[in-house]
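Enquirer: Following this line is start_14.cif, made up of mmCIF, N, CA and C atoms and all ligand atoms:
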```cif
data_work
#
loop_
_atom_site.label_atom_id
_atom_site.label_comp_id
_atom_site.auth_asym_id
_atom_site.auth_seq_id
_atom_site.Cartn_x
_atom_site.Cartn_y
_atom_site.Cartn_z
N MET A 494 11.80 -11.19 13.30
CA MET A 494 10.76 -11.61 12.34
C MET A 494 10.65 -13.14 12.34
N THR A 495 9.44 -13.65 12.32
CA THR A 495 9.24 -15.11 12.33
C THR A 495 9.49 -15.69 10.93
N GLN A 496 9.67 -17.01 10.90
CA GLN A 496 9.87 -17.70 9.60
C GLN A 496 8.65 -17.53 8.71
N GLU A 497 7.48 -17.58 9.34
CA GLU A 497 6.23 -17.45 8.57
C GLU A 497 6.15 -16.05 7.94
N GLU A 498 6.52 -15.03 8.72
CA GLU A 498 6.49 -13.66 8.19
C GLU A 498 7.48 -13.52 7.04
N SER A 499 8.66 -14.06 7.24
CA SER A 499 9.70 -13.98 6.22
C SER A 499 9.25 -14.65 4.92
N ALA A 500 8.65 -15.83 5.05
CA ALA A 500 8.18 -16.55 3.86
C ALA A 500 7.04 -15.78 3.19
N ALA A 501 6.16 -15.21 4.02
CA ALA A 501 5.03 -14.45 3.48
C ALA A 501 5.52 -13.21 2.72
N LEU A 502 6.55 -12.54 3.23
CA LEU A 502 7.08 -11.35 2.57
C LEU A 502 7.67 -11.72 1.20
N ALA A 503 8.34 -12.87 1.13
CA ALA A 503 8.91 -13.30 -0.15
C ALA A 503 7.79 -13.56 -1.16
N GLU A 504 6.70 -14.13 -0.69
CA GLU A 504 5.56 -14.40 -1.59
C GLU A 504 4.86 -13.10 -2.00
N LEU A 505 4.80 -12.15 -1.06
CA LEU A 505 4.20 -10.86 -1.39
C LEU A 505 5.03 -10.14 -2.46
N ALA A 506 6.35 -10.27 -2.36
CA ALA A 506 7.23 -9.65 -3.37
C ALA A 506 6.89 -10.19 -4.76
N GLU A 507 6.56 -11.49 -4.82
CA GLU A 507 6.18 -12.10 -6.11
C GLU A 507 4.87 -11.49 -6.63
N VAL A 508 3.93 -11.29 -5.72
CA VAL A 508 2.65 -10.69 -6.11
C VAL A 508 2.90 -9.29 -6.66
N TYR A 509 3.71 -8.51 -5.96
CA TYR A 509 4.03 -7.15 -6.42
C TYR A 509 4.71 -7.18 -7.79
N ARG A 510 5.60 -8.16 -8.00
CA ARG A 510 6.26 -8.27 -9.31
C ARG A 510 5.24 -8.54 -10.41
N MET A 511 4.29 -9.41 -10.09
CA MET A 511 3.25 -9.74 -11.06
C MET A 511 2.41 -8.50 -11.38
N VAL A 512 2.08 -7.74 -10.32
CA VAL A 512 1.28 -6.52 -10.51
C VAL A 512 2.05 -5.52 -11.38
N GLU A 513 3.33 -5.35 -11.13
CA GLU A 513 4.14 -4.40 -11.92
C GLU A 513 4.10 -4.77 -13.40
N THR A 514 4.15 -6.07 -13.68
CA THR A 514 4.09 -6.52 -15.06
C THR A 514 2.72 -6.21 -15.66
N GLN A 515 1.69 -6.46 -14.88
CA GLN A 515 0.32 -6.26 -15.38
C GLN A 515 0.01 -4.78 -15.63
N ILE A 516 0.55 -3.91 -14.79
CA ILE A 516 0.16 -2.50 -14.91
C ILE A 516 1.08 -1.71 -15.83
N SER A 517 2.15 -2.35 -16.31
CA SER A 517 3.14 -1.59 -17.06
C SER A 517 2.53 -0.90 -18.29
N ALA A 518 1.47 -1.48 -18.84
CA ALA A 518 0.87 -0.85 -20.02
C ALA A 518 -0.51 -0.29 -19.71
N ALA A 519 -0.85 -0.22 -18.42
CA ALA A 519 -2.23 0.13 -18.06
C ALA A 519 -2.48 1.62 -17.85
N GLY A 520 -1.43 2.39 -17.69
CA GLY A 520 -1.65 3.81 -17.47
C GLY A 520 -0.33 4.52 -17.27
N GLU A 521 -0.36 5.83 -17.45
CA GLU A 521 0.87 6.59 -17.28
C GLU A 521 0.73 7.51 -16.08
N CYS A 522 1.73 7.50 -15.20
CA CYS A 522 1.72 8.38 -14.03
C CYS A 522 2.75 9.47 -14.26
N LYS A 523 2.31 10.71 -14.12
CA LYS A 523 3.23 11.84 -14.33
C LYS A 523 3.98 12.18 -13.05
N GLN A 524 3.74 11.38 -12.01
CA GLN A 524 4.44 11.54 -10.72
C GLN A 524 4.32 12.95 -10.16
N CYS A 525 3.09 13.46 -10.21
CA CYS A 525 2.86 14.81 -9.65
C CYS A 525 2.67 14.74 -8.13
N GLY A 526 2.36 13.55 -7.62
CA GLY A 526 2.21 13.36 -6.17
C GLY A 526 0.86 13.76 -5.61
N ALA A 527 -0.05 14.22 -6.46
CA ALA A 527 -1.34 14.73 -5.96
C ALA A 527 -2.16 13.66 -5.24
N CYS A 528 -2.13 12.43 -5.75
CA CYS A 528 -2.99 11.39 -5.16
C CYS A 528 -2.47 10.90 -3.81
N CYS A 529 -1.25 11.29 -3.43
CA CYS A 529 -0.73 10.93 -2.10
C CYS A 529 -1.23 11.90 -1.04
N HIS A 530 -1.92 12.98 -1.46
CA HIS A 530 -2.60 13.88 -0.52
C HIS A 530 -4.04 13.41 -0.45
N PHE A 531 -4.27 12.46 0.45
CA PHE A 531 -5.52 11.69 0.45
C PHE A 531 -6.77 12.55 0.52
N LYS A 532 -6.81 13.46 1.47
CA LYS A 532 -8.04 14.24 1.69
C LYS A 532 -8.32 15.15 0.50
N THR A 533 -7.30 15.86 0.07
CA THR A 533 -7.47 16.77 -1.07
C THR A 533 -7.90 16.00 -2.30
N PHE A 534 -7.33 14.82 -2.47
CA PHE A 534 -7.63 14.04 -3.66
C PHE A 534 -8.97 13.30 -3.53
N GLY A 535 -9.46 13.19 -2.29
CA GLY A 535 -10.78 12.56 -2.09
C GLY A 535 -10.75 11.05 -2.05
N HIS A 536 -9.68 10.48 -1.57
CA HIS A 536 -9.68 9.02 -1.40
C HIS A 536 -8.86 8.63 -0.17
N ARG A 537 -8.91 7.35 0.17
CA ARG A 537 -8.14 6.86 1.30
C ARG A 537 -7.33 5.66 0.84
N LEU A 538 -6.19 5.50 1.46
CA LEU A 538 -5.31 4.39 1.09
C LEU A 538 -5.40 3.30 2.15
N TYR A 539 -5.85 2.13 1.73
CA TYR A 539 -5.92 0.98 2.61
C TYR A 539 -4.78 0.02 2.31
N ALA A 540 -4.40 -0.72 3.33
CA ALA A 540 -3.37 -1.73 3.14
C ALA A 540 -3.60 -2.86 4.13
N THR A 541 -3.02 -4.00 3.85
CA THR A 541 -3.13 -5.15 4.75
C THR A 541 -1.95 -5.13 5.73
N GLY A 542 -2.09 -5.91 6.80
CA GLY A 542 -1.01 -5.99 7.78
C GLY A 542 0.29 -6.48 7.15
N LEU A 543 0.17 -7.44 6.24
CA LEU A 543 1.36 -7.98 5.58
C LEU A 543 2.04 -6.92 4.72
N GLU A 544 1.25 -6.10 4.05
CA GLU A 544 1.84 -5.02 3.24
C GLU A 544 2.57 -3.99 4.10
N VAL A 545 2.01 -3.72 5.27
CA VAL A 545 2.65 -2.76 6.18
C VAL A 545 3.99 -3.32 6.66
N LEU A 546 3.99 -4.62 6.96
CA LEU A 546 5.24 -5.27 7.36
C LEU A 546 6.27 -5.17 6.23
N TYR A 547 5.83 -5.39 5.01
CA TYR A 547 6.72 -5.31 3.84
C TYR A 547 7.26 -3.89 3.67
N LEU A 548 6.38 -2.93 3.80
CA LEU A 548 6.75 -1.52 3.62
C LEU A 548 7.82 -1.11 4.65
N ILE A 549 7.59 -1.47 5.89
CA ILE A 549 8.53 -1.08 6.95
C ILE A 549 9.83 -1.87 6.85
N THR A 550 9.72 -3.14 6.47
CA THR A 550 10.92 -3.98 6.34
C THR A 550 11.81 -3.49 5.21
N THR A 551 11.21 -3.13 4.09
CA THR A 551 12.03 -2.75 2.93
C THR A 551 12.43 -1.27 2.95
N GLU A 552 11.60 -0.42 3.54
CA GLU A 552 11.86 1.03 3.46
C GLU A 552 12.16 1.68 4.81
N GLY A 553 11.97 0.94 5.88
CA GLY A 553 12.13 1.53 7.20
C GLY A 553 10.87 2.31 7.57
N PRO A 554 10.81 2.84 8.77
CA PRO A 554 9.63 3.61 9.18
C PRO A 554 9.54 4.91 8.38
N PRO A 555 8.35 5.50 8.31
CA PRO A 555 8.21 6.76 7.55
C PRO A 555 9.03 7.87 8.18
N LYS A 556 9.54 8.76 7.33
CA LYS A 556 10.38 9.86 7.84
C LYS A 556 9.53 10.98 8.44
N ALA A 557 8.29 11.05 8.06
CA ALA A 557 7.37 12.06 8.60
C ALA A 557 6.11 11.37 9.10
N GLU A 558 5.34 12.09 9.89
CA GLU A 558 4.09 11.52 10.38
C GLU A 558 3.06 11.47 9.27
N PHE A 559 2.20 10.48 9.35
CA PHE A 559 1.05 10.45 8.45
C PHE A 559 0.06 11.49 8.94
N GLY A 560 -0.47 12.28 8.05
CA GLY A 560 -1.42 13.30 8.44
C GLY A 560 -2.76 13.09 7.75
N GLU A 561 -3.66 13.99 8.02
CA GLU A 561 -4.99 13.92 7.42
C GLU A 561 -4.90 13.94 5.89
N ASP A 562 -3.86 14.59 5.41
CA ASP A 562 -3.76 14.80 3.97
C ASP A 562 -2.37 14.45 3.44
N SER A 563 -1.65 13.64 4.19
CA SER A 563 -0.28 13.37 3.74
C SER A 563 0.19 11.98 4.13
N CYS A 564 1.09 11.46 3.32
CA CYS A 564 1.72 10.18 3.59
C CYS A 564 3.12 10.46 4.12
N GLY A 565 3.49 9.76 5.16
CA GLY A 565 4.80 9.97 5.78
C GLY A 565 5.97 9.55 4.91
N TYR A 566 5.70 8.87 3.83
CA TYR A 566 6.76 8.44 2.93
C TYR A 566 6.93 9.38 1.73
N GLN A 567 6.06 10.36 1.61
CA GLN A 567 6.17 11.23 0.43
C GLN A 567 7.37 12.15 0.58
N ASP A 568 8.12 12.28 -0.50
CA ASP A 568 9.32 13.10 -0.50
C ASP A 568 9.15 14.14 -1.61
N GLY A 569 8.66 15.32 -1.25
CA GLY A 569 8.28 16.29 -2.30
C GLY A 569 7.10 15.71 -3.07
N ALA A 570 7.19 15.72 -4.38
CA ALA A 570 6.12 15.14 -5.18
C ALA A 570 6.30 13.64 -5.34
N LEU A 571 7.44 13.13 -4.97
CA LEU A 571 7.74 11.73 -5.27
C LEU A 571 7.47 10.81 -4.09
N CYS A 572 7.35 9.53 -4.40
CA CYS A 572 7.22 8.52 -3.35
C CYS A 572 8.62 8.15 -2.86
N GLY A 573 8.81 8.26 -1.56
CA GLY A 573 10.10 7.90 -0.98
C GLY A 573 10.17 6.44 -0.58
N ALA A 574 9.16 5.67 -0.97
CA ALA A 574 9.13 4.25 -0.58
C ALA A 574 8.66 3.40 -1.75
N ARG A 575 9.13 3.75 -2.92
CA ARG A 575 8.58 3.15 -4.14
C ARG A 575 8.68 1.63 -4.16
N GLY A 576 9.82 1.12 -3.70
CA GLY A 576 10.02 -0.33 -3.73
C GLY A 576 9.12 -1.08 -2.77
N GLY A 577 8.65 -0.40 -1.73
CA GLY A 577 7.87 -1.10 -0.71
C GLY A 577 6.43 -0.66 -0.66
N ARG A 578 6.05 0.22 -1.53
CA ARG A 578 4.71 0.83 -1.42
C ARG A 578 3.60 -0.22 -1.54
N ALA A 579 2.47 0.16 -1.00
CA ALA A 579 1.35 -0.78 -0.89
C ALA A 579 0.69 -1.02 -2.25
N LEU A 580 -0.10 -2.09 -2.29
CA LEU A 580 -0.82 -2.44 -3.52
C LEU A 580 -1.66 -1.27 -4.02
N GLY A 581 -2.34 -0.59 -3.08
CA GLY A 581 -3.20 0.53 -3.48
C GLY A 581 -2.43 1.64 -4.16
N CYS A 582 -1.17 1.83 -3.77
CA CYS A 582 -0.32 2.84 -4.42
C CYS A 582 0.06 2.37 -5.82
N ARG A 583 0.30 1.08 -5.95
CA ARG A 583 0.76 0.52 -7.22
C ARG A 583 -0.31 0.49 -8.29
N THR A 584 -1.56 0.33 -7.85
CA THR A 584 -2.62 0.12 -8.83
C THR A 584 -3.47 1.37 -9.07
N PHE A 585 -3.03 2.52 -8.56
CA PHE A 585 -3.80 3.73 -8.81
C PHE A 585 -3.16 4.60 -9.88
N PHE A 586 -3.89 4.82 -10.95
CA PHE A 586 -3.48 5.75 -12.00
C PHE A 586 -4.66 6.66 -12.28
N CYS A 587 -4.52 7.96 -12.04
CA CYS A 587 -5.66 8.86 -12.19
C CYS A 587 -6.19 8.86 -13.63
N GLY A 588 -5.29 8.66 -14.59
CA GLY A 588 -5.74 8.72 -15.98
C GLY A 588 -5.82 7.36 -16.64
N GLY A 589 -5.68 6.30 -15.85
CA GLY A 589 -5.63 4.96 -16.43
C GLY A 589 -7.01 4.32 -16.60
N ASP A 590 -7.00 3.10 -17.04
CA ASP A 590 -8.22 2.33 -17.22
C ASP A 590 -8.65 1.82 -15.83
N MET A 591 -9.58 2.55 -15.20
CA MET A 591 -9.96 2.27 -13.81
C MET A 591 -10.50 0.85 -13.63
N GLU A 592 -11.29 0.40 -14.61
CA GLU A 592 -11.89 -0.93 -14.48
C GLU A 592 -10.81 -2.01 -14.48
N ARG A 593 -9.89 -1.84 -15.40
CA ARG A 593 -8.78 -2.81 -15.48
C ARG A 593 -7.94 -2.76 -14.20
N MET A 594 -7.67 -1.56 -13.71
CA MET A 594 -6.86 -1.44 -12.50
C MET A 594 -7.58 -2.05 -11.30
N ARG A 595 -8.90 -1.87 -11.26
CA ARG A 595 -9.66 -2.46 -10.15
C ARG A 595 -9.56 -3.99 -10.18
N ALA A 596 -9.62 -4.55 -11.40
CA ALA A 596 -9.54 -6.00 -11.54
C ALA A 596 -8.16 -6.51 -11.12
N ILE A 597 -7.12 -5.80 -11.53
CA ILE A 597 -5.76 -6.19 -11.14
C ILE A 597 -5.61 -6.09 -9.62
N HIS A 598 -6.16 -5.00 -9.06
CA HIS A 598 -6.08 -4.79 -7.61
C HIS A 598 -6.79 -5.92 -6.87
N GLU A 599 -7.98 -6.24 -7.31
CA GLU A 599 -8.78 -7.25 -6.62
C GLU A 599 -8.11 -8.63 -6.66
N GLU A 600 -7.57 -8.97 -7.82
CA GLU A 600 -6.90 -10.28 -7.96
C GLU A 600 -5.68 -10.33 -7.02
N ALA A 601 -4.91 -9.25 -7.00
CA ALA A 601 -3.71 -9.22 -6.15
C ALA A 601 -4.09 -9.24 -4.68
N LEU A 602 -5.18 -8.55 -4.34
CA LEU A 602 -5.63 -8.52 -2.94
C LEU A 602 -6.02 -9.92 -2.47
N GLN A 603 -6.68 -10.66 -3.33
CA GLN A 603 -7.05 -12.05 -2.98
C GLN A 603 -5.79 -12.90 -2.80
N ALA A 604 -4.79 -12.66 -3.65
CA ALA A 604 -3.53 -13.41 -3.52
C ALA A 604 -2.85 -13.08 -2.19
N ILE A 605 -2.91 -11.81 -1.80
CA ILE A 605 -2.30 -11.39 -0.52
C ILE A 605 -3.06 -12.02 0.64
N LYS A 606 -4.39 -12.10 0.50
CA LYS A 606 -5.20 -12.72 1.56
C LYS A 606 -4.82 -14.19 1.70
N ALA A 607 -4.64 -14.87 0.57
CA ALA A 607 -4.26 -16.29 0.60
C ALA A 607 -2.90 -16.46 1.27
N ILE A 608 -1.97 -15.56 0.99
CA ILE A 608 -0.64 -15.64 1.61
C ILE A 608 -0.77 -15.46 3.13
N SER A 609 -1.53 -14.44 3.54
CA SER A 609 -1.72 -14.19 4.97
C SER A 609 -2.33 -15.40 5.66
N ASP A 610 -3.35 -15.97 5.04
CA ASP A 610 -4.02 -17.15 5.62
C ASP A 610 -3.06 -18.33 5.72
N ARG A 611 -2.33 -18.56 4.63
CA ARG A 611 -1.41 -19.70 4.56
C ARG A 611 -0.36 -19.65 5.67
N HIS A 612 0.04 -18.44 6.01
CA HIS A 612 1.11 -18.30 7.01
C HIS A 612 0.57 -17.88 8.38
N GLY A 613 -0.74 -17.92 8.53
CA GLY A 613 -1.34 -17.65 9.84
C GLY A 613 -1.16 -16.22 10.31
N LEU A 614 -1.10 -15.27 9.36
CA LEU A 614 -0.90 -13.86 9.73
C LEU A 614 -2.23 -13.11 9.71
N ALA A 615 -2.34 -12.12 10.58
CA ALA A 615 -3.58 -11.35 10.66
C ALA A 615 -3.81 -10.59 9.36
N TRP A 616 -5.05 -10.50 8.94
CA TRP A 616 -5.40 -9.84 7.67
C TRP A 616 -5.27 -8.32 7.81
N GLN A 617 -5.94 -7.73 8.78
CA GLN A 617 -5.80 -6.31 9.12
C GLN A 617 -5.83 -5.38 7.91
N TYR A 618 -6.95 -5.34 7.23
CA TYR A 618 -7.09 -4.43 6.08
C TYR A 618 -7.66 -3.11 6.58
N GLU A 619 -6.79 -2.12 6.70
CA GLU A 619 -7.17 -0.83 7.28
C GLU A 619 -6.45 0.30 6.57
N ALA A 620 -6.86 1.53 6.88
CA ALA A 620 -6.16 2.70 6.32
C ALA A 620 -4.68 2.62 6.70
N LEU A 621 -3.82 2.92 5.74
CA LEU A 621 -2.38 2.81 5.98
C LEU A 621 -1.94 3.67 7.16
N GLY A 622 -2.48 4.88 7.26
CA GLY A 622 -2.09 5.77 8.37
C GLY A 622 -2.46 5.18 9.73
N VAL A 623 -3.59 4.49 9.81
CA VAL A 623 -4.02 3.87 11.07
C VAL A 623 -3.02 2.78 11.46
N GLN A 624 -2.63 2.00 10.47
CA GLN A 624 -1.69 0.91 10.76
C GLN A 624 -0.33 1.47 11.19
N MET A 625 0.08 2.55 10.55
CA MET A 625 1.36 3.15 10.89
C MET A 625 1.34 3.70 12.31
N GLU A 626 0.21 4.26 12.69
CA GLU A 626 0.04 4.76 14.05
C GLU A 626 0.25 3.62 15.04
N ARG A 627 -0.31 2.46 14.71
CA ARG A 627 -0.22 1.32 15.62
C ARG A 627 1.20 0.74 15.65
N VAL A 628 1.78 0.62 14.45
CA VAL A 628 3.07 -0.07 14.36
C VAL A 628 4.24 0.82 14.75
N CYS A 629 4.24 2.06 14.29
CA CYS A 629 5.42 2.88 14.58
C CYS A 629 5.08 4.32 14.97
N GLY A 630 3.87 4.54 15.42
CA GLY A 630 3.54 5.84 16.00
C GLY A 630 3.28 6.95 15.01
N GLY A 631 3.18 6.61 13.69
CA GLY A 631 2.86 7.64 12.69
C GLY A 631 1.43 8.09 12.86
N LYS A 632 1.16 9.37 12.86
CA LYS A 632 -0.20 9.86 13.09
C LYS A 632 -1.09 9.50 11.91
N SER A 633 -2.31 9.20 12.19
CA SER A 633 -3.26 8.85 11.14
C SER A 633 -4.39 9.88 11.11
N PRO A 634 -5.09 9.98 9.97
CA PRO A 634 -6.22 10.91 9.90
C PRO A 634 -7.25 10.63 10.99
N GLU A 635 -7.51 9.33 11.25
CA GLU A 635 -8.53 8.98 12.24
C GLU A 635 -8.10 9.41 13.63
N VAL A 636 -6.82 9.22 13.93
CA VAL A 636 -6.33 9.58 15.25
C VAL A 636 -6.38 11.09 15.42
N GLN A 637 -6.02 11.82 14.37
CA GLN A 637 -5.99 13.27 14.47
C GLN A 637 -7.38 13.86 14.65
N SER A 638 -8.37 13.21 14.06
CA SER A 638 -9.71 13.80 14.10
C SER A 638 -10.45 13.46 15.39
N GLN A 639 -9.90 12.59 16.23
CA GLN A 639 -10.58 12.20 17.46
C GLN A 639 -10.47 13.29 18.52
S1 LIG B 1 -1.57 8.83 -10.46
FE1 LIG B 1 -2.14 10.84 -11.21
S2 LIG B 1 -2.40 12.12 -9.39
FE2 LIG B 1 -1.22 10.29 -8.79
S3 LIG B 1 0.95 10.91 -8.99
FE3 LIG B 1 0.34 9.93 -10.93
S4 LIG B 1 -0.29 11.62 -12.25
FE4 LIG B 1 -0.28 12.41 -10.14
S1 LIG B 2 3.68 5.11 -0.06
FE1 LIG B 2 4.39 6.41 -1.74
S2 LIG B 2 2.82 6.21 -3.36
FE2 LIG B 2 1.94 5.43 -1.47
S3 LIG B 2 0.82 7.18 -0.58
FE3 LIG B 2 2.89 7.18 0.31
S4 LIG B 2 4.13 8.52 -0.98
FE4 LIG B 2 2.26 8.00 -2.10
#
```
Show me this structure written as structure tokens.
Expert:
Amino acid sequence: MTQEESAALAELAEVYRMVETQISAAGECKQCGACCHFKTFGHRLYATGLEVLYLITTEGPPKAEFGEDSCGYQDGALCGARGGRALGCRTFFCGGDMERMRAIHEEALQAIKAISDRHGLAWQYEALGVQMERVCGGKSPEVQSQ
């Protein structure tokens, strides 16, 4: 890992800490795991290149392949990568205040972009499964459907 990547990861950890503080009163998650089944739930999870680096650095590669409807880090109903999960995972609450969560997400995303720019790292905002396919061979919905 380069010095720039290492410094960027430390700054990203600060952003995540700030987000955790902001969302602590924003919604309650019953940890049913339904929203981690992307297709069934009707959404897609995007992440930046820096977030993917953070996820793999802190949690290791996913234990299972990413599928059309599954995250390789999901362990039963629970997230098996809670400490390293992406911003999109952190700011999604099915029953929460969506507008507030969107604002928190957007502010944090801009902060992550500034970190990436400052350290000369590629932005790479793509579906998490696509990035995993590229970085560690995890299958992505896009790859599977080709
Ligand atoms: S945000 Fe909602 S759907 Fe996702 S795990 Fe929590 S309770 Fe389940
Ligand atoms: S990283 Fe965790 S929270 Fe995010 S989609 Fe995967 S299992 Fe769900």
Enquirer: Counting only C-alpha atoms and all ligand atoms, which protein, DNA or RNA residues come within 8 Å of ligand LIG 2 (chain B), given as a list in words?
Expert: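 Counting only C-alpha atoms and all ligand atoms, the residues within 8 Å of ligand LIG 2 (chain B) come out as Gly526, Cys528, Cys529, His530, Phe531, Leu538, Ser563, Cys564, Gly565, Tyr566, Gln567, Asp568, Leu571, Cys572, Gly573, Ala574, Arg575, Gly577, Arg578, Ala579, Gly581, Cys582 and Arg583 of chain A.
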Enquirer: Dump as CSV the rows for residues of chain A within 6 Å of ligand LIG 1 (chain B): closest atom pair and distance in Å with one decimal, only N, CA and C atoms and all ligand atoms counted, ordered by chain and rising residue number.
Expert:
```
residue,atom,partner,partner_atom,distance
A:Glu521,C,B:LIG1,FE3,5.7
A:Cys522,CA,B:LIG1,FE3,3.7
A:Lys523,N,B:LIG1,S4,3.3
A:Gln524,N,B:LIG1,FE3,3.9
A:Cys525,N,B:LIG1,FE4,3.5
A:Gly526,N,B:LIG1,S3,3.3
A:Ala527,N,B:LIG1,FE4,4.1
A:Cys528,N,B:LIG1,S2,3.7
A:Cys529,N,B:LIG1,FE2,5.5
A:Phe585,C,B:LIG1,S1,4.6
A:Phe586,CA,B:LIG1,S1,3.9
A:Cys587,N,B:LIG1,S1,3.5
A:Gly588,N,B:LIG1,FE1,5.1
```
Enquirer: What's around A:Val512 at 12 Å? Count only C-alpha atoms, leave out sequence neighbours fewer than 4 positions away in its own chain, and write the answer as a tab-separated table (two decimals) with N, CA and C atoms, in the coordinates of the input.
Expert:
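Full text of selection_30.tsv as output:
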```tsv
chain	number	residue	atom	x	y	z
A	505	LEU	N	4.80	-12.15	-1.06
A	505	LEU	CA	4.20	-10.86	-1.39
A	505	LEU	C	5.03	-10.14	-2.46
A	506	ALA	N	6.35	-10.27	-2.36
A	506	ALA	CA	7.23	-9.65	-3.37
A	506	ALA	C	6.89	-10.19	-4.76
A	507	GLU	N	6.56	-11.49	-4.82
A	507	GLU	CA	6.18	-12.10	-6.11
A	507	GLU	C	4.87	-11.49	-6.63
A	508	VAL	N	3.93	-11.29	-5.72
A	508	VAL	CA	2.65	-10.69	-6.11
A	508	VAL	C	2.90	-9.29	-6.66
A	516	ILE	N	0.55	-3.91	-14.79
A	516	ILE	CA	0.16	-2.50	-14.91
A	516	ILE	C	1.08	-1.71	-15.83
A	517	SER	N	2.15	-2.35	-16.31
A	517	SER	CA	3.14	-1.59	-17.06
A	517	SER	C	2.53	-0.90	-18.29
A	518	ALA	N	1.47	-1.48	-18.84
A	518	ALA	CA	0.87	-0.85	-20.02
A	518	ALA	C	-0.51	-0.29	-19.71
A	519	ALA	N	-0.85	-0.22	-18.42
A	519	ALA	CA	-2.23	0.13	-18.06
A	519	ALA	C	-2.48	1.62	-17.85
A	579	ALA	N	2.47	0.16	-1.00
A	579	ALA	CA	1.35	-0.78	-0.89
A	579	ALA	C	0.69	-1.02	-2.25
A	580	LEU	N	-0.10	-2.09	-2.29
A	580	LEU	CA	-0.82	-2.44	-3.52
A	580	LEU	C	-1.66	-1.27	-4.02
A	581	GLY	N	-2.34	-0.59	-3.08
A	581	GLY	CA	-3.20	0.53	-3.48
A	581	GLY	C	-2.43	1.64	-4.16
A	582	CYS	N	-1.17	1.83	-3.77
A	582	CYS	CA	-0.32	2.84	-4.42
A	582	CYS	C	0.06	2.37	-5.82
A	583	ARG	N	0.30	1.08	-5.95
A	583	ARG	CA	0.76	0.52	-7.22
A	583	ARG	C	-0.31	0.49	-8.29
A	584	THR	N	-1.56	0.33	-7.85
A	584	THR	CA	-2.62	0.12	-8.83
A	584	THR	C	-3.47	1.37	-9.07
A	585	PHE	N	-3.03	2.52	-8.56
A	585	PHE	CA	-3.80	3.73	-8.81
A	585	PHE	C	-3.16	4.60	-9.88
A	593	ARG	N	-9.89	-1.84	-15.40
A	593	ARG	CA	-8.78	-2.81	-15.48
A	593	ARG	C	-7.94	-2.76	-14.20
A	594	MET	N	-7.67	-1.56	-13.71
A	594	MET	CA	-6.86	-1.44	-12.50
A	594	MET	C	-7.58	-2.05	-11.30
A	595	ARG	N	-8.90	-1.87	-11.26
A	595	ARG	CA	-9.66	-2.46	-10.15
A	595	ARG	C	-9.56	-3.99	-10.18
A	596	ALA	N	-9.62	-4.55	-11.40
A	596	ALA	CA	-9.54	-6.00	-11.54
A	596	ALA	C	-8.16	-6.51	-11.12
A	597	ILE	N	-7.12	-5.80	-11.53
A	597	ILE	CA	-5.76	-6.19	-11.14
A	597	ILE	C	-5.61	-6.09	-9.62
A	598	HIS	N	-6.16	-5.00	-9.06
A	598	HIS	CA	-6.08	-4.79	-7.61
A	598	HIS	C	-6.79	-5.92	-6.87
A	599	GLU	N	-7.98	-6.24	-7.31
A	599	GLU	CA	-8.78	-7.25	-6.62
A	599	GLU	C	-8.11	-8.63	-6.66
A	600	GLU	N	-7.57	-8.97	-7.82
A	600	GLU	CA	-6.90	-10.28	-7.96
A	600	GLU	C	-5.68	-10.33	-7.02
A	601	ALA	N	-4.91	-9.25	-7.00
A	601	ALA	CA	-3.71	-9.22	-6.15
A	601	ALA	C	-4.09	-9.24	-4.68
A	602	LEU	N	-5.18	-8.55	-4.34
A	602	LEU	CA	-5.63	-8.52	-2.94
A	602	LEU	C	-6.02	-9.92	-2.47
A	604	ALA	N	-4.79	-12.66	-3.65
A	604	ALA	CA	-3.53	-13.41	-3.52
A	604	ALA	C	-2.85	-13.08	-2.19
A	605	ILE	N	-2.91	-11.81	-1.80
A	605	ILE	CA	-2.30	-11.39	-0.52
A	605	ILE	C	-3.06	-12.02	0.64
```
Enquirer: Can you check which residues of chain A DSSP gives as helix (DSSP H, G or I) on the backbone and send them as a ChimeraX atom specification?
Expert: /A:496-516,527-529,531-534,542-552,580-583,591-611,621-629,634-638
Enquirer: Check the smallest atom-to-atom distance from each of A:Leu614, A:Ala570, A:Val545, A:Ala607 to A:Glu498 using all atoms listed in the file, then report the winner.
Expert: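 Selected residue with least distance to A:Glu498: A:Leu614.
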